[in-house]
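File shown here: target-v7.pdb, holding PDB, C-alpha atoms, pLDDT in the B column.
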ATOM      1  CA  ILE A   1     154.681-167.077  63.328  1.00 56.00           C
ATOM      2  CA  LEU A   2     151.618-166.925  65.532  1.00 55.00           C
ATOM      3  CA  THR A   3     149.453-165.473  62.739  1.00 63.00           C
ATOM      4  CA  SER A   4     150.604-168.166  60.310  1.00 63.00           C
ATOM      5  CA  LEU A   5     150.017-170.786  62.935  1.00 50.00           C
ATOM      6  CA  GLY A   6     146.393-169.727  63.215  1.00 55.00           C
ATOM      7  CA  ARG A   7     145.896-170.032  59.449  1.00 57.00           C
ATOM      8  CA  THR A   8     147.875-173.213  58.790  1.00 56.00           C
ATOM      9  CA  PHE A   9     145.867-176.400  58.705  1.00 50.00           C
ATOM     10  CA  ILE A  10     148.742-178.881  59.023  1.00 50.00           C
ATOM     11  CA  THR A  11     151.841-178.085  61.042  1.00 55.00           C
ATOM     12  CA  PRO A  12     155.010-180.145  61.405  1.00 61.00           C
ATOM     13  CA  PHE A  13     154.665-180.069  65.206  1.00 69.00           C
ATOM     14  CA  ASP A  14     151.858-179.571  67.666  1.00 78.00           C
ATOM     15  CA  ARG A  15     150.506-176.040  67.535  1.00 80.00           C
ATOM     16  CA  GLU A  16     151.158-175.662  71.247  1.00 87.00           C
ATOM     17  CA  ASP A  17     154.827-176.557  70.724  1.00 88.00           C
ATOM     18  CA  ILE A  18     155.219-174.066  67.889  1.00 87.00           C
ATOM     19  CA  HIS A  19     153.554-171.414  70.025  1.00 88.00           C
ATOM     20  CA  ALA A  20     155.826-172.239  72.990  1.00 94.00           C
ATOM     21  CA  LEU A  21     158.910-172.090  70.763  1.00 93.00           C
ATOM     22  CA  ALA A  22     157.931-168.763  69.203  1.00 93.00           C
ATOM     23  CA  THR A  23     157.115-167.302  72.603  1.00 96.00           C
ATOM     24  CA  SER A  24     160.372-168.494  74.164  1.00 97.00           C
ATOM     25  CA  LEU A  25     162.393-167.108  71.241  1.00 97.00           C
ATOM     26  CA  ASP A  26     160.578-163.789  71.663  1.00 97.00           C
ATOM     27  CA  ASP A  27     161.509-163.806  75.358  1.00 97.00           C
ATOM     28  CA  VAL A  28     165.205-164.023  74.424  1.00 98.00           C
ATOM     29  CA  LEU A  29     164.858-160.938  72.241  1.00 97.00           C
ATOM     30  CA  ASP A  30     162.766-159.068  74.803  1.00 97.00           C
ATOM     31  CA  ASN A  31     165.332-159.660  77.546  1.00 97.00           C
ATOM     32  CA  LEU A  32     168.225-158.669  75.307  1.00 96.00           C
ATOM     33  CA  GLU A  33     166.343-155.539  74.284  1.00 97.00           C
ATOM     34  CA  GLU A  34     165.817-154.654  77.958  1.00 97.00           C
ATOM     35  CA  ALA A  35     169.552-155.051  78.655  1.00 96.00           C
ATOM     36  CA  ALA A  36     170.461-152.880  75.657  1.00 96.00           C
ATOM     37  CA  PHE A  37     167.880-150.273  76.655  1.00 97.00           C
ATOM     38  CA  ARG A  38     169.401-149.987  80.104  1.00 96.00           C
ATOM     39  CA  LEU A  39     172.900-149.543  78.718  1.00 94.00           C
ATOM     40  CA  THR A  40     171.632-146.651  76.614  1.00 95.00           C
ATOM     41  CA  ALA A  41     169.154-145.149  79.090  1.00 96.00           C
ATOM     42  CA  PHE A  42     171.648-145.263  81.948  1.00 96.00           C
ATOM     43  CA  GLY A  43     174.347-143.640  79.824  1.00 95.00           C
ATOM     44  CA  ILE A  44     176.760-146.522  80.263  1.00 93.00           C
ATOM     45  CA  GLU A  45     179.434-145.752  77.697  1.00 90.00           C
ATOM     46  CA  LYS A  46     181.663-148.729  78.365  1.00 93.00           C
ATOM     47  CA  PRO A  47     180.316-151.998  79.766  1.00 93.00           C
ATOM     48  CA  THR A  48     182.271-153.696  82.521  1.00 95.00           C
ATOM     49  CA  PRO A  49     184.399-156.750  81.694  1.00 96.00           C
ATOM     50  CA  GLU A  50     181.766-158.902  83.420  1.00 96.00           C
ATOM     51  CA  ALA A  51     178.994-157.456  81.247  1.00 96.00           C
ATOM     52  CA  VAL A  52     181.116-158.138  78.162  1.00 97.00           C
ATOM     53  CA  LYS A  53     181.671-161.709  79.361  1.00 98.00           C
ATOM     54  CA  MET A  54     177.923-162.185  79.782  1.00 98.00           C
ATOM     55  CA  ALA A  55     177.310-160.675  76.323  1.00 97.00           C
ATOM     56  CA  LEU A  56     179.732-163.196  74.833  1.00 98.00           C
ATOM     57  CA  ILE A  57     177.882-165.990  76.633  1.00 98.00           C
ATOM     58  CA  ILE A  58     174.624-164.677  75.148  1.00 98.00           C
ATOM     59  CA  GLN A  59     176.178-164.620  71.699  1.00 98.00           C
ATOM     60  CA  GLU A  60     177.403-168.194  72.019  1.00 98.00           C
ATOM     61  CA  SER A  61     174.074-169.364  73.468  1.00 98.00           C
ATOM     62  CA  SER A  62     172.241-167.684  70.603  1.00 97.00           C
ATOM     63  CA  ASN A  63     174.439-169.484  68.104  1.00 97.00           C
ATOM     64  CA  HIS A  64     173.532-172.827  69.693  1.00 97.00           C
ATOM     65  CA  VAL A  65     169.845-171.873  69.741  1.00 97.00           C
ATOM     66  CA  GLN A  66     170.041-170.988  66.040  1.00 96.00           C
ATOM     67  CA  ARG A  67     171.634-174.350  65.194  1.00 94.00           C
ATOM     68  CA  ALA A  68     169.074-176.239  67.289  1.00 94.00           C
ATOM     69  CA  VAL A  69     166.144-174.424  65.659  1.00 92.00           C
ATOM     70  CA  SER A  70     167.664-175.073  62.249  1.00 89.00           C
ATOM     71  CA  MET A  71     167.888-178.794  63.047  1.00 89.00           C
ATOM     72  CA  LEU A  72     164.319-178.735  64.279  1.00 86.00           C
ATOM     73  CA  ARG A  73     163.152-177.229  60.982  1.00 80.00           C
ATOM     74  CA  LYS A  74     164.696-180.234  59.237  1.00 77.00           C
ATOM     75  CA  ASN A  75     162.925-182.527  61.704  1.00 69.00           C
ATOM     76  CA  LYS A  76     163.052-185.597  59.488  1.00 55.00           C
ATOM     77  CA  HIS A  77     166.819-185.525  59.692  1.00 53.00           C
ATOM     78  CA  ILE A  78     167.308-184.658  63.343  1.00 61.00           C
ATOM     79  CA  SER A  79     170.353-186.324  64.749  1.00 61.00           C
ATOM     80  CA  SER A  80     169.503-186.738  68.394  1.00 79.00           C
ATOM     81  CA  ASP A  81     173.213-186.722  69.207  1.00 85.00           C
ATOM     82  CA  LYS A  82     173.815-183.427  67.407  1.00 87.00           C
ATOM     83  CA  MET A  83     170.718-181.879  68.937  1.00 90.00           C
ATOM     84  CA  ALA A  84     171.730-183.094  72.393  1.00 91.00           C
ATOM     85  CA  ILE A  85     175.128-181.432  71.974  1.00 93.00           C
ATOM     86  CA  GLU A  86     173.519-178.082  71.114  1.00 95.00           C
ATOM     87  CA  LEU A  87     171.076-178.280  74.025  1.00 96.00           C
ATOM     88  CA  ARG A  88     173.779-179.319  76.498  1.00 96.00           C
ATOM     89  CA  GLU A  89     175.946-176.413  75.405  1.00 97.00           C
ATOM     90  CA  ILE A  90     173.111-173.973  76.037  1.00 98.00           C
ATOM     91  CA  SER A  91     172.721-175.435  79.519  1.00 97.00           C
ATOM     92  CA  ARG A  92     176.477-175.267  80.158  1.00 98.00           C
ATOM     93  CA  LEU A  93     176.551-171.627  79.073  1.00 98.00           C
ATOM     94  CA  GLU A  94     173.585-170.817  81.293  1.00 98.00           C
ATOM     95  CA  ASN A  95     175.509-172.273  84.244  1.00 98.00           C
ATOM     96  CA  MET A  96     178.497-170.102  83.303  1.00 98.00           C
ATOM     97  CA  ALA A  97     176.278-167.015  83.210  1.00 98.00           C
ATOM     98  CA  ASP A  98     174.833-167.922  86.611  1.00 97.00           C
ATOM     99  CA  GLU A  99     178.347-168.095  88.016  1.00 98.00           C
ATOM    100  CA  VAL A 100     179.364-164.749  86.497  1.00 98.00           C
ATOM    101  CA  TYR A 101     176.153-163.151  87.775  1.00 98.00           C
ATOM    102  CA  ARG A 102     176.532-164.543  91.300  1.00 97.00           C
ATOM    103  CA  ASN A 103     180.156-163.410  91.483  1.00 97.00           C
ATOM    104  CA  VAL A 104     179.484-159.924  90.174  1.00 97.00           C
ATOM    105  CA  GLU A 105     176.480-159.482  92.452  1.00 95.00           C
ATOM    106  CA  ALA A 106     178.522-160.625  95.452  1.00 97.00           C
ATOM    107  CA  ASP A 107     181.256-158.163  94.466  1.00 96.00           C
ATOM    108  CA  LEU A 108     178.726-155.322  94.110  1.00 94.00           C
ATOM    109  CA  PHE A 109     177.413-155.949  97.619  1.00 95.00           C
ATOM    110  CA  ALA A 110     180.846-156.557  99.146  1.00 96.00           C
ATOM    111  CA  ALA A 111     182.250-153.260  97.890  1.00 94.00           C
ATOM    112  CA  PRO A 112     179.297-151.205  96.687  1.00 92.00           C
ATOM    113  CA  PRO A 113     180.042-148.353  94.325  1.00 92.00           C
ATOM    114  CA  GLU A 114     178.089-145.103  94.434  1.00 95.00           C
ATOM    115  CA  ILE A 115     174.378-145.987  94.755  1.00 95.00           C
ATOM    116  CA  MET A 116     173.311-144.967  91.222  1.00 95.00           C
ATOM    117  CA  THR A 117     176.212-146.892  89.687  1.00 94.00           C
ATOM    118  CA  PHE A 118     175.265-149.863  91.845  1.00 95.00           C
ATOM    119  CA  ILE A 119     171.631-149.759  90.656  1.00 95.00           C
ATOM    120  CA  LYS A 120     172.592-149.313  86.994  1.00 96.00           C
ATOM    121  CA  GLN A 121     175.139-152.129  86.988  1.00 95.00           C
ATOM    122  CA  ARG A 122     172.892-154.523  88.851  1.00 96.00           C
ATOM    123  CA  GLU A 123     170.026-153.886  86.417  1.00 96.00           C
ATOM    124  CA  VAL A 124     172.224-154.499  83.378  1.00 97.00           C
ATOM    125  CA  TYR A 125     173.660-157.711  84.857  1.00 97.00           C
ATOM    126  CA  LEU A 126     170.189-158.939  85.767  1.00 97.00           C
ATOM    127  CA  TRP A 127     168.826-158.466  82.235  1.00 97.00           C
ATOM    128  CA  LEU A 128     171.902-160.064  80.685  1.00 98.00           C
ATOM    129  CA  GLU A 129     171.468-163.064  82.965  1.00 97.00           C
ATOM    130  CA  ASN A 130     167.746-163.189  82.176  1.00 97.00           C
ATOM    131  CA  THR A 131     168.635-163.350  78.477  1.00 98.00           C
ATOM    132  CA  VAL A 132     170.795-166.427  78.993  1.00 98.00           C
ATOM    133  CA  ASP A 133     168.026-167.973  81.102  1.00 98.00           C
ATOM    134  CA  ALA A 134     165.641-167.355  78.210  1.00 98.00           C
ATOM    135  CA  CYS A 135     168.026-169.189  75.853  1.00 98.00           C
ATOM    136  CA  ARG A 136     167.918-172.125  78.262  1.00 98.00           C
ATOM    137  CA  ASP A 137     164.127-171.981  78.211  1.00 98.00           C
ATOM    138  CA  VAL A 138     164.209-172.217  74.400  1.00 97.00           C
ATOM    139  CA  ALA A 139     166.406-175.304  74.768  1.00 97.00           C
ATOM    140  CA  HIS A 140     163.833-176.866  77.092  1.00 96.00           C
ATOM    141  CA  VAL A 141     161.041-176.226  74.582  1.00 95.00           C
ATOM    142  CA  ILE A 142     163.115-177.715  71.760  1.00 93.00           C
ATOM    143  CA  ASN A 143     163.931-180.727  73.891  1.00 92.00           C
ATOM    144  CA  GLU A 144     160.227-181.318  74.573  1.00 89.00           C
ATOM    145  CA  ILE A 145     159.484-181.122  70.843  1.00 88.00           C
ATOM    146  CA  VAL A 146     162.249-183.591  70.033  1.00 86.00           C
ATOM    147  CA  VAL A 147     161.082-186.003  72.719  1.00 83.00           C
ATOM    148  CA  LYS A 148     157.521-185.870  71.366  1.00 80.00           C
ATOM    149  CA  ALA A 149     158.767-186.484  67.826  1.00 75.00           C
ATOM    150  CA  SER A 150     160.815-189.516  68.882  1.00 74.00           C
TER
END
Rewrite the coordinates I just gave you, this time as structure tokens.
Amino acid sequence: ILTSLGRTFITPFDREDIHALATSLDDVLDNLEEAAFRLTAFGIEKPTPEAVKMALIIQESSNHVQRAVSMLRKNKHISSDKMAIELREISRLENMADEVYRNVEADLFAAPPEIMTFIKQREVYLWLENTVDACRDVAHVINEIVVKAS
């Protein structure tokens, strides 16, 4: 995307917006990759129910991001109502992930498991939560693009 952006004379949006969108989408993947790496590197064979719940939130957030980006690509036909629904859902899911993360972190500190298990679990939860935050950041970038285009 960034290479094409440098070579393209006319873009459908400001170059800075395209760059911000590409970068924020890359951040989602980077954070998800970090979470997956930790699961593998730490030898976690079965994620906790809370980690599974956060993964499902990531999956749902990613689906909303995909739909929002798809709408953005068809910018001449953007329904602000439909786009607003997608962006609100991403925000709602991010709030859900925050709640799961806060609860699981409180539980880890209230009844800490063995120290290495504690460190491993906390790292995985942190990167999962960061991934949902990155989806929210994509939503903010998309919202800015839509506002500019209005």
Next item on the list: Grab the CA of Asp107 in chain A to CA of Arg122 in chain A distance for me, in Å with one decimal place.
Entry: 10.7 Å
Item checked: Radius query 10 Å about (178.5, -162.8, 79.7), atoms used: only C-alpha atoms, as a PyMOL selection string -> chain A and resi 49-60+93-94+96-101+125+128-129+131-132
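One distance worth recording is that between CA of Leu21 in chain A and CA of Thr40 in chain A, which is 29.0 Å.
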Next item on the list: Measure the distance from CA of Ser62 in chain A to CA of Cys135 in chain A in Å and round it to one decimal.
Entry: 6.9 Å
Next item on the list: Find the spatial neighbours of Ile85 in chain A, counting all atoms listed in the file, within a cut-off of 12 Å - ignore same-chain residues fewer than 3 positions away - and output them as a PyMOL selection string.
Entry: chain A and resi 64-65+67-68+71+79-82+88-92+139+143
Could you add the missing atoms to range 83-96 of chain A, up to N, CA, C and O atoms, and return them as a short mmCIF file (atom, residue, chain, number, x, y, z; two decimals), keeping the file's coordinate frame?
data_model
loop_
_atom_site.label_atom_id
_atom_site.label_comp_id
_atom_site.auth_asym_id
_atom_site.auth_seq_id
_atom_site.Cartn_x
_atom_site.Cartn_y
_atom_site.Cartn_z
N MET A 83 171.64 -182.76 68.22
CA MET A 83 170.72 -181.88 68.94
C MET A 83 171.07 -181.86 70.42
O MET A 83 171.09 -180.79 71.04
N ALA A 84 171.38 -183.01 70.97
CA ALA A 84 171.73 -183.09 72.39
C ALA A 84 172.97 -182.25 72.69
O ALA A 84 173.03 -181.59 73.74
N ILE A 85 173.91 -182.24 71.78
CA ILE A 85 175.13 -181.43 71.97
C ILE A 85 174.76 -179.95 72.04
O ILE A 85 175.23 -179.23 72.93
N GLU A 86 173.92 -179.50 71.12
CA GLU A 86 173.52 -178.08 71.11
C GLU A 86 172.79 -177.71 72.41
O GLU A 86 173.08 -176.69 73.02
N LEU A 87 171.87 -178.58 72.83
CA LEU A 87 171.08 -178.28 74.03
C LEU A 87 171.93 -178.33 75.29
O LEU A 87 171.75 -177.50 76.20
N ARG A 88 172.87 -179.26 75.34
CA ARG A 88 173.78 -179.32 76.50
C ARG A 88 174.66 -178.08 76.58
O ARG A 88 174.94 -177.57 77.66
N GLU A 89 175.10 -177.60 75.42
CA GLU A 89 175.95 -176.41 75.40
C GLU A 89 175.19 -175.19 75.91
O GLU A 89 175.75 -174.37 76.64
N ILE A 90 173.93 -175.09 75.54
CA ILE A 90 173.11 -173.97 76.04
C ILE A 90 173.01 -174.05 77.56
O ILE A 90 173.14 -173.04 78.26
N SER A 91 172.81 -175.24 78.07
CA SER A 91 172.72 -175.44 79.52
C SER A 91 174.05 -175.10 80.20
O SER A 91 174.08 -174.45 81.24
N ARG A 92 175.14 -175.55 79.60
CA ARG A 92 176.48 -175.27 80.16
C ARG A 92 176.72 -173.76 80.20
O ARG A 92 177.20 -173.22 81.21
N LEU A 93 176.36 -173.08 79.13
CA LEU A 93 176.55 -171.63 79.07
C LEU A 93 175.67 -170.91 80.09
O LEU A 93 176.09 -169.91 80.68
N GLU A 94 174.47 -171.42 80.29
CA GLU A 94 173.58 -170.82 81.29
C GLU A 94 174.20 -170.96 82.69
O GLU A 94 174.14 -170.02 83.49
N ASN A 95 174.82 -172.09 82.95
CA ASN A 95 175.51 -172.27 84.24
C ASN A 95 176.68 -171.31 84.38
O ASN A 95 176.92 -170.76 85.46
N MET A 96 177.40 -171.08 83.28
CA MET A 96 178.50 -170.10 83.30
C MET A 96 177.97 -168.70 83.61
O MET A 96 178.57 -167.96 84.40
#
